[in-house]
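Trainee: What follows is structure.cif; its format and atoms are mmCIF, C-alpha atoms.
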```cif
data_structure
loop_
_atom_site.label_atom_id
_atom_site.label_comp_id
_atom_site.auth_asym_id
_atom_site.auth_seq_id
_atom_site.Cartn_x
_atom_site.Cartn_y
_atom_site.Cartn_z
CA MET A 1 123.83 120.12 115.33
CA PRO A 2 122.57 116.53 114.76
CA VAL A 3 119.57 115.37 116.77
CA PRO A 4 119.26 111.79 118.20
CA HIS A 5 116.10 111.09 116.16
CA GLU A 6 114.69 111.66 112.71
CA PRO A 7 114.67 115.48 112.50
CA THR A 8 111.32 117.23 112.53
CA LEU A 9 110.04 120.64 111.50
CA VAL A 10 110.46 121.74 115.12
CA ASP A 11 114.15 120.76 115.09
CA VAL A 12 114.72 122.75 111.90
CA ALA A 13 112.98 125.80 113.37
CA ARG A 14 115.04 125.58 116.55
CA ALA A 15 118.34 125.23 114.65
CA ALA A 16 117.48 128.15 112.36
CA GLY A 17 116.20 130.34 115.19
CA VAL A 18 112.83 130.88 113.54
CA SER A 19 109.26 129.70 114.06
CA VAL A 20 107.81 126.46 112.71
CA THR A 21 105.48 128.58 110.57
CA THR A 22 108.46 130.31 108.99
CA VAL A 23 110.11 126.97 108.14
CA SER A 24 106.84 125.81 106.59
CA ARG A 25 106.64 129.02 104.53
CA VAL A 26 110.20 128.47 103.27
CA LEU A 27 109.48 124.87 102.31
CA ASN A 28 106.30 125.83 100.48
CA ASP A 29 107.68 129.09 99.07
CA ARG A 30 104.80 131.14 100.50
CA GLY A 31 104.87 134.81 101.41
CA TYR A 32 107.74 137.25 101.68
CA LEU A 33 110.83 136.09 103.55
CA SER A 34 114.25 137.68 103.64
CA GLN A 35 117.16 135.97 101.92
CA GLU A 36 118.90 135.69 105.29
CA THR A 37 115.92 133.80 106.77
CA ARG A 38 115.81 131.47 103.77
CA ARG A 39 119.57 130.91 104.08
CA ARG A 40 119.36 130.00 107.78
CA VAL A 41 116.47 127.59 107.20
CA ALA A 42 118.26 125.97 104.24
CA GLN A 43 121.43 125.61 106.33
CA ALA A 44 119.50 124.01 109.20
CA ILE A 45 117.80 121.57 106.81
CA ALA A 46 121.17 120.58 105.34
CA GLU A 47 122.89 120.19 108.72
CA LEU A 48 120.05 118.09 110.17
CA ASN A 49 119.47 116.16 106.92
CA TYR A 50 115.77 116.97 107.32
CA ARG A 51 113.36 115.25 104.93
CA PRO A 52 109.77 116.51 104.69
CA ASN A 53 107.11 114.04 105.81
CA GLN A 54 105.39 113.19 102.54
CA VAL A 55 102.37 111.63 104.27
CA ALA A 56 101.91 114.79 106.31
CA ARG A 57 102.12 116.80 103.10
CA ALA A 58 99.39 114.64 101.59
CA LEU A 59 97.17 115.18 104.62
CA HIS A 60 97.41 118.89 103.89
CA GLY A 61 96.32 118.35 100.32
CA LYS A 62 99.79 118.42 98.77
CA SER A 63 101.26 115.94 96.31
CA THR A 64 103.71 113.34 97.61
CA GLN A 65 105.28 113.16 94.12
CA SER A 66 105.23 109.38 94.41
CA ILE A 67 103.58 106.64 92.36
CA GLY A 68 102.99 103.02 93.32
CA LEU A 69 103.72 100.26 90.80
CA ILE A 70 102.52 96.71 91.52
CA VAL A 71 104.01 93.87 89.45
CA PRO A 72 104.28 90.08 89.93
CA THR A 73 108.08 90.29 90.23
CA VAL A 74 110.88 92.31 88.68
CA GLY A 75 112.66 88.96 88.31
CA LEU A 76 110.60 88.32 85.18
CA PRO A 77 112.25 90.05 82.19
CA PHE A 78 109.06 91.70 80.90
CA PHE A 79 108.22 93.27 84.26
CA GLY A 80 111.82 94.16 85.06
CA GLU A 81 112.01 96.08 81.79
CA LEU A 82 108.57 97.62 82.36
CA VAL A 83 109.59 98.89 85.82
CA GLU A 84 112.75 100.43 84.39
CA HIS A 85 110.84 102.36 81.74
CA VAL A 86 108.04 103.43 84.11
CA GLU A 87 110.60 104.73 86.60
CA ASP A 88 112.43 106.61 83.87
CA ALA A 89 109.23 108.18 82.52
CA LEU A 90 108.08 109.25 85.98
CA ALA A 91 111.47 110.74 86.86
CA GLU A 92 111.13 113.07 83.87
CA HIS A 93 108.09 114.55 85.62
CA GLY A 94 109.63 114.72 89.09
CA TYR A 95 107.90 111.62 90.47
CA ARG A 96 109.43 108.80 92.47
CA ILE A 97 108.32 105.19 92.28
CA LEU A 98 107.45 102.64 94.95
CA VAL A 99 107.79 99.16 93.41
CA CYS A 100 105.75 96.35 94.96
CA ASN A 101 106.36 92.71 93.98
CA SER A 102 103.22 90.66 94.63
CA MET A 103 105.12 87.40 93.95
CA GLY A 104 101.90 85.95 92.58
CA LYS A 105 100.15 86.13 95.96
CA ALA A 106 96.74 87.79 96.05
CA GLU A 107 97.03 88.59 99.76
CA ARG A 108 100.38 90.29 99.22
CA GLU A 109 98.89 92.38 96.44
CA ARG A 110 96.07 93.44 98.77
CA ASP A 111 98.61 94.37 101.46
CA TYR A 112 100.65 96.43 99.02
CA LEU A 113 97.53 98.15 97.73
CA ASP A 114 96.65 99.11 101.29
CA LEU A 115 100.24 100.27 101.92
CA LEU A 116 100.28 102.51 98.85
CA VAL A 117 96.93 104.07 99.72
CA SER A 118 97.97 104.65 103.35
CA HIS A 119 101.19 106.31 102.18
CA ARG A 120 99.10 108.67 100.07
CA VAL A 121 100.78 108.01 96.73
CA ASP A 122 99.47 110.22 93.96
CA GLY A 123 98.47 107.29 91.76
CA ILE A 124 98.92 103.57 91.11
CA ILE A 125 99.96 101.51 88.07
CA SER A 126 99.11 97.83 88.39
CA GLY A 127 100.51 95.04 86.25
CA ALA A 128 100.05 92.15 88.68
CA HIS A 129 98.20 89.07 87.47
CA ASN A 130 96.15 88.05 90.51
CA GLU A 131 92.43 87.79 89.86
CA ASN A 132 89.41 88.87 91.90
CA ILE A 133 91.12 91.65 93.88
CA SER A 134 87.95 93.50 94.83
CA GLU A 135 89.91 96.03 96.89
CA TYR A 136 90.70 97.99 93.73
CA SER A 137 87.07 99.09 93.66
CA THR A 138 87.63 100.96 96.93
CA VAL A 139 90.71 102.87 95.74
CA HIS A 140 89.93 106.57 95.30
CA LEU A 141 93.14 107.33 93.42
CA PRO A 142 94.15 107.71 89.78
CA LEU A 143 94.74 104.16 88.56
CA VAL A 144 96.02 102.59 85.34
CA THR A 145 96.70 98.96 84.53
CA VAL A 146 99.17 97.35 82.15
CA ASP A 147 97.77 94.35 80.27
CA ARG A 148 95.19 93.75 83.00
CA ASP A 149 91.43 94.29 82.80
CA LEU A 150 90.19 95.36 86.23
CA SER A 151 87.15 97.42 85.28
CA PRO A 152 85.67 99.22 82.27
CA THR A 153 86.40 102.50 84.09
CA ILE A 154 90.12 101.77 84.57
CA PRO A 155 92.36 102.44 81.55
CA ASN A 156 94.23 99.30 80.48
CA VAL A 157 97.40 99.87 78.45
CA ARG A 158 98.31 96.80 76.42
CA CYS A 159 99.64 95.62 73.10
CA ASP A 160 97.54 93.98 70.39
CA ASN A 161 97.59 90.52 71.98
CA GLU A 162 95.09 88.96 69.59
CA LYS A 163 97.04 90.09 66.53
CA GLY A 164 100.23 88.84 68.14
CA GLY A 165 98.66 85.43 68.63
CA ARG A 166 97.61 85.33 65.00
CA LEU A 167 101.02 86.41 63.74
CA ALA A 168 102.87 83.84 65.85
CA THR A 169 100.60 80.96 64.82
CA GLN A 170 100.53 81.89 61.14
CA HIS A 171 104.33 82.15 61.19
CA LEU A 172 104.58 78.56 62.45
CA LEU A 173 102.27 77.36 59.68
CA ASP A 174 104.16 79.35 57.06
CA ARG A 175 107.35 77.62 58.20
CA GLY A 176 105.84 74.19 57.66
CA ALA A 177 104.31 73.35 61.05
CA ARG A 178 101.05 71.40 60.89
CA HIS A 179 100.34 70.63 64.54
CA PRO A 180 101.24 73.69 66.64
CA ALA A 181 100.46 73.67 70.35
CA LEU A 182 99.82 76.74 72.49
CA LEU A 183 101.67 76.97 75.80
CA THR A 184 100.10 79.59 78.03
CA SER A 185 99.52 80.46 81.66
CA ARG A 186 95.71 80.48 81.75
CA ALA A 187 93.39 79.41 78.98
CA GLY A 188 90.02 81.05 78.43
CA THR A 189 88.12 83.81 76.70
CA HIS A 190 90.18 86.50 78.45
CA ASN A 191 93.38 85.20 76.81
CA LEU A 192 93.59 87.21 73.57
CA ARG A 193 96.83 85.54 72.50
CA GLU A 194 94.98 82.24 72.66
CA ALA A 195 92.12 83.78 70.68
CA GLY A 196 94.53 84.71 67.90
CA TYR A 197 95.98 81.19 67.90
CA ARG A 198 92.53 79.61 67.69
CA THR A 199 91.44 81.91 64.87
CA VAL A 200 94.35 80.94 62.64
CA LEU A 201 93.96 77.22 63.33
CA ALA A 202 90.21 77.36 62.68
CA GLU A 203 90.88 78.92 59.28
CA ALA A 204 93.44 76.17 58.55
CA ARG A 205 91.08 73.45 59.88
CA ILE A 206 93.66 72.34 62.44
CA GLU A 207 92.64 71.14 65.91
CA PRO A 208 94.09 73.36 68.68
CA VAL A 209 96.22 71.89 71.46
CA ILE A 210 96.27 74.00 74.62
CA LEU A 211 98.92 73.37 77.28
CA THR A 212 98.83 75.40 80.50
CA VAL A 213 101.37 76.10 83.23
CA ASP A 214 100.06 78.66 85.72
CA PHE A 215 101.64 82.11 85.57
CA HIS A 216 102.51 82.00 89.26
CA THR A 217 104.36 78.67 89.14
CA PRO A 218 107.69 79.02 91.00
CA GLU A 219 110.51 79.43 88.51
CA HIS A 220 112.38 76.33 89.67
CA LEU A 221 109.31 74.19 88.90
CA ARG A 222 108.33 75.77 85.59
CA PRO A 223 110.70 73.85 83.23
CA LYS A 224 109.72 70.52 84.79
CA LEU A 225 105.98 71.21 84.42
CA ILE A 226 106.41 72.42 80.85
CA ALA A 227 108.33 69.25 80.01
CA GLU A 228 105.58 67.13 81.55
CA ARG A 229 102.90 68.90 79.47
CA LEU A 230 104.92 68.44 76.28
CA ASN A 231 105.71 64.79 77.04
CA THR A 232 102.00 64.01 77.17
CA MET A 233 101.54 65.39 73.65
CA ALA A 234 104.73 64.25 71.89
CA PRO A 235 105.02 63.32 69.08
CA SER A 236 101.58 64.66 68.05
CA VAL A 237 102.76 68.30 68.05
CA ASP A 238 105.53 69.66 65.84
CA SER A 239 105.77 73.21 67.15
CA VAL A 240 104.86 75.47 70.08
CA PHE A 241 103.67 79.03 70.37
CA ALA A 242 104.56 80.03 73.94
CA THR A 243 102.83 83.16 75.18
CA ASP A 244 105.99 84.36 76.92
CA ASP A 245 109.67 84.05 76.06
CA LEU A 246 110.73 82.34 79.28
CA SER A 247 108.34 79.49 78.55
CA ALA A 248 109.63 79.38 74.98
CA ALA A 249 113.15 78.97 76.37
CA SER A 250 111.98 75.99 78.45
CA VAL A 251 110.38 74.46 75.35
CA LEU A 252 113.70 74.76 73.53
CA GLU A 253 115.46 72.97 76.40
CA TRP A 254 112.89 70.18 76.23
CA ALA A 255 113.27 69.82 72.46
CA LEU A 256 117.05 69.66 72.63
CA ALA A 257 116.90 67.13 75.49
CA ARG A 258 114.77 64.87 73.28
CA GLY A 259 117.24 65.16 70.43
CA LEU A 260 114.90 67.20 68.24
CA ASP A 261 116.51 69.46 65.67
CA VAL A 262 115.21 73.03 65.93
CA PRO A 263 113.76 74.25 63.60
CA GLU A 264 113.82 71.27 61.22
CA ASP A 265 112.09 68.80 63.55
CA PHE A 266 110.44 71.22 65.94
CA LYS A 267 109.66 74.94 65.84
CA VAL A 268 109.27 77.39 68.71
CA ILE A 269 108.09 80.99 68.90
CA GLY A 270 107.65 83.13 72.01
CA PHE A 271 106.09 86.46 73.00
CA ASP A 272 107.49 89.62 74.67
CA GLY A 273 110.83 90.25 72.98
CA THR A 274 112.60 91.65 76.03
CA ALA A 275 116.18 92.83 75.80
CA ALA A 276 117.28 90.29 78.44
CA LEU A 277 115.89 87.28 76.55
CA HIS A 278 117.25 88.60 73.28
CA ARG A 279 120.74 88.67 74.81
CA ALA A 280 120.35 85.18 76.26
CA LEU A 281 118.65 83.65 73.20
CA PRO A 282 119.37 85.92 70.24
CA GLY A 283 118.00 83.33 67.82
CA LEU A 284 114.56 82.98 69.41
CA SER A 285 111.62 83.82 67.16
CA THR A 286 109.18 85.97 69.10
CA ILE A 287 106.46 88.60 69.04
CA ARG A 288 108.00 91.79 70.40
CA GLN A 289 105.92 94.05 72.61
CA PRO A 290 106.72 97.80 72.66
CA ILE A 291 107.53 97.72 76.38
CA GLN A 292 108.93 101.24 76.56
CA GLU A 293 105.86 102.60 74.81
CA LEU A 294 103.57 100.63 77.14
CA ALA A 295 105.34 102.17 80.14
CA HIS A 296 105.31 105.71 78.77
CA ASP A 297 101.64 105.52 77.79
CA ALA A 298 100.66 104.19 81.23
CA VAL A 299 102.55 107.04 82.90
CA ALA A 300 101.07 109.65 80.56
CA ILE A 301 97.50 108.48 81.22
CA LEU A 302 98.08 108.36 84.97
CA LEU A 303 99.59 111.85 85.06
CA GLU A 304 96.65 113.17 83.05
CA GLN A 305 94.33 111.81 85.76
CA ILE A 306 96.48 113.34 88.50
CA ASP A 307 96.69 116.73 86.79
CA ALA A 308 92.93 116.75 86.30
CA GLY A 309 92.39 115.86 89.95
CA ALA A 310 90.34 112.92 88.74
CA ALA A 311 89.72 110.13 91.18
CA ARG A 312 89.05 106.77 89.57
CA GLN A 313 85.33 106.93 90.31
CA ALA A 314 85.11 110.27 88.53
CA ALA A 315 86.41 108.65 85.36
CA SER A 316 83.30 106.55 84.80
CA SER A 317 83.38 107.40 81.11
CA ALA A 318 87.01 106.36 80.69
CA THR A 319 87.75 104.09 77.77
CA ASN A 320 90.73 101.88 77.09
CA PRO A 321 93.34 103.36 74.79
CA PRO A 322 93.77 101.43 71.53
CA PRO A 323 96.18 98.47 71.75
CA LEU A 324 99.77 99.17 70.75
CA GLY A 325 101.38 97.52 67.76
CA ILE A 326 103.55 94.42 67.94
CA GLU A 327 106.35 93.10 65.74
CA LEU A 328 107.21 89.60 64.53
CA ILE A 329 110.90 88.87 65.08
CA GLU A 330 111.97 85.93 62.92
CA GLY A 331 114.80 83.94 64.47
CA ARG A 332 116.51 80.59 64.14
CA THR A 333 113.89 78.64 66.10
CA THR A 334 111.29 78.67 63.31
#
```
Output the structure of this file as structure tokens.

Mentor:
Amino acid sequence: MPVPHEPTLVDVARAAGVSVTTVSRVLNDRGYLSQETRRRVAQAIAELNYRPNQVARALHGKSTQSIGLIVPTVGLPFFGELVEHVEDALAEHGYRILVCNSMGKAERERDYLDLLVSHRVDGIISGAHNENISEYSTVHLPLVTVDRDLSPTIPNVRCDNEKGGRLATQHLLDRGARHPALLTSRAGTHNLREAGYRTVLAEARIEPVILTVDFHTPEHLRPKLIAERLNTMAPSVDSVFATDDLSAASVLEWALARGLDVPEDFKVIGFDGTAALHRALPGLSTIRQPIQELAHDAVAILLEQIDAGAARQAASSATNPPPLGIELIEGRTT
């Protein structure tokens, strides 16, 4: 019979006419119990729609079979696709996923980190892009990042960003560009795609042009800011390597608005190669990341930590896996 609150172990025991200990033994498959007892407990669970308290299970040293995944937002094609593949990979191993969108806010990422820890998830995968989140150093859980360096002891699964930067820039030069600009979210030594771009231009004795629009810029403002950056450089640049495909799409809009013929007058190449952008802009030249492989590798490494019972601090000797390969997709924009 239904109860007027979320059913508890006590309610199940009462409905089945057995002790709470017996219900617990049925749920955990411990000790000998008659088939009739198991049937009555199963029937009571079904009638009451009882769901085990996963946090309580964790407090007793049991797995919650749940993983936390922190991303900037699933609204971005790369992260939407990443979440899909991570969820699929985890489901194959009986794990559920709790997706947290930080929306580019460091405080929200801290809150979600605290939430995941308090809910006793079995591990965390982080792909958010906020910097200086010191709270990760206090997390005593298996932890893996995707394209994010948090610590030398935390495995970081990523593609070969530096090679991708070199391929994209060399492709522009091979197609006749002589003044390619880089459009990226944050410039600096940590940006390996920028490093690849600079390497190729240094070899060609071409001065780099770096344009930045912060990663966490609201989407409705991004095209306007990209246009402003490009307007300050036109006509001294004849091509753009954008370090993500959404930015590349905004560059194409800007070029067409100025009456530039792509690719004759102006060339554009992006980075990511997501299925969503390929459907929207099938002719966009880009560097394709192996997103499914990134997701599956991150899950595999995390599950290895969980199976080994290894807290992050115990993995002090952990090293980053080698970067995954990328692929140049030649389209109609170069």

Trainee: Leaving out range 78-92 of chain A and any residue of its chain fewer than 3 positions from it, which residues lie within 10 Å of it when counting only C-alpha atoms, given as a PyMOL selection string?

Mentor: chain A and resi 65-67+69-75+95-99+101+125+127-128+146+244-246+271-277+289-300+303

Trainee: Measuring between all atoms listed in the file, which one of A:Ser63, A:Thr199, A:Ser24, A:Thr8 shows the shortest distance to Asp307 in chain A?

Mentor: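 With all atoms listed in the file as the atom set, the closest residue is A:Ser63.
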
Trainee: Using only C-alpha atoms, find the one residue out of A:Leu76, A:Ala308, A:Val12, A:Leu328 that sits nearest to Thr169 in chain A.

Mentor: A:Leu328

Trainee: For a quick check of understanding, using all atoms listed in the file, which of A:Leu143, A:Ala227, A:Ile45, A:Ala168 has the smallest distance to Ile326 in chain A?

Mentor: A:Ala168

Trainee: Write out as a ChimeraX atom specification which residues come within 12 Å of Val41 in chain A when counting all atoms listed in the file, dropping same-chain ones fewer than 4 positions away.

Mentor: /A:9-27,33-37,45-50

Trainee: Taking (93.4, 68.9, 60.5) in the file's coordinates as the center, which residues reach within 12 Å of it, counting only C-alpha atoms, put as number ranges by chain?

Mentor: A: 177-180, 201-209, 236

Trainee: Could those residues be written to a file, using C-alpha atoms, as an mmCIF file, keeping the file's coordinate frame?

Mentor:
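Here's the written file again.cif:
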```cif
data_model
loop_
_atom_site.group_PDB
_atom_site.id
_atom_site.type_symbol
_atom_site.label_atom_id
_atom_site.label_comp_id
_atom_site.auth_asym_id
_atom_site.auth_seq_id
_atom_site.Cartn_x
_atom_site.Cartn_y
_atom_site.Cartn_z
ATOM 1 C CA ALA A 177 104.310 73.350 61.050
ATOM 2 C CA ARG A 178 101.050 71.400 60.890
ATOM 3 C CA HIS A 179 100.340 70.630 64.540
ATOM 4 C CA PRO A 180 101.240 73.690 66.640
ATOM 5 C CA LEU A 201 93.960 77.220 63.330
ATOM 6 C CA ALA A 202 90.210 77.360 62.680
ATOM 7 C CA GLU A 203 90.880 78.920 59.280
ATOM 8 C CA ALA A 204 93.440 76.170 58.550
ATOM 9 C CA ARG A 205 91.080 73.450 59.880
ATOM 10 C CA ILE A 206 93.660 72.340 62.440
ATOM 11 C CA GLU A 207 92.640 71.140 65.910
ATOM 12 C CA PRO A 208 94.090 73.360 68.680
ATOM 13 C CA VAL A 209 96.220 71.890 71.460
ATOM 14 C CA SER A 236 101.580 64.660 68.050
#
```

Trainee: What would the selection look like, as JSON, numbers by chain, if the PyMOL selection byres ((chain A and resi 264) around 10) were run on the coordinates I just shared?

Mentor: {"A": [175, 176, 177, 238, 260, 261, 262, 263, 265, 266, 267, 333, 334]}

Trainee: Write out as a PyMOL selection string each polymer residue whose atoms come within 6 Å of Leu183 in chain A, counting all atoms listed in the file; drop sequence neighbours fewer than 6 positions from it.

Mentor: chain A and resi 211-212+242

Trainee: Here is a test: counting all atoms listed in the file, which residue of A:Ser185, A:Asn132, A:Thr64, A:Thr286 is nearest to Leu167 in chain A?

Mentor: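 Checking each candidate against Leu167 in chain A, we get A:Thr286 as the closest.
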
Trainee: Once you add 4 Å to each side, what are the centre and edge lengths of the axis-aligned box holding all listed atoms of range 230-239 of chain A? One decimal in Å, as AutoDock Vina command-line options, if you can.

Mentor:
```
--center_x 103.7 --center_y 68.3 --center_z 71.5 --size_x 12.2 --size_y 17.9 --size_z 19.3
```

Trainee: When distances are computed from only C-alpha atoms, which of A:Val144, A:Val117, A:Pro77, A:Leu284 shows the smallest separation from Arg158 in chain A?

Mentor: A:Val144

Trainee: Under the rule that all atoms listed in the file are counted, which of A:Phe241, A:Trp254, A:Ala280, A:Gly165 is the nearest residue to Leu225 in chain A?

Mentor: A:Trp254

Trainee: Any idea what's packed within 12 Å of Ala187 in chain A, counting only C-alpha atoms, ignoring anything in its chain fewer than 2 positions away? Could you give it as an NGL selection string?

Mentor: :A and (182-185 or 189-195 or 197-198 or 208-215 or 243)

Trainee: Please, what distance in Å, to one decimal, runs between CA of Ala248 in chain A and CA of Val268 in chain A?

Mentor: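 For CA of Ala248 in chain A relative to CA of Val268 in chain A, the distance reads 6.6 Å.
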
Trainee: When you draw a straight line from CA of Val251 in chain A to CA of Ile287 in chain A, how long is it in Å?

Mentor: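 That distance, rounded to one decimal, is 16.0 Å.
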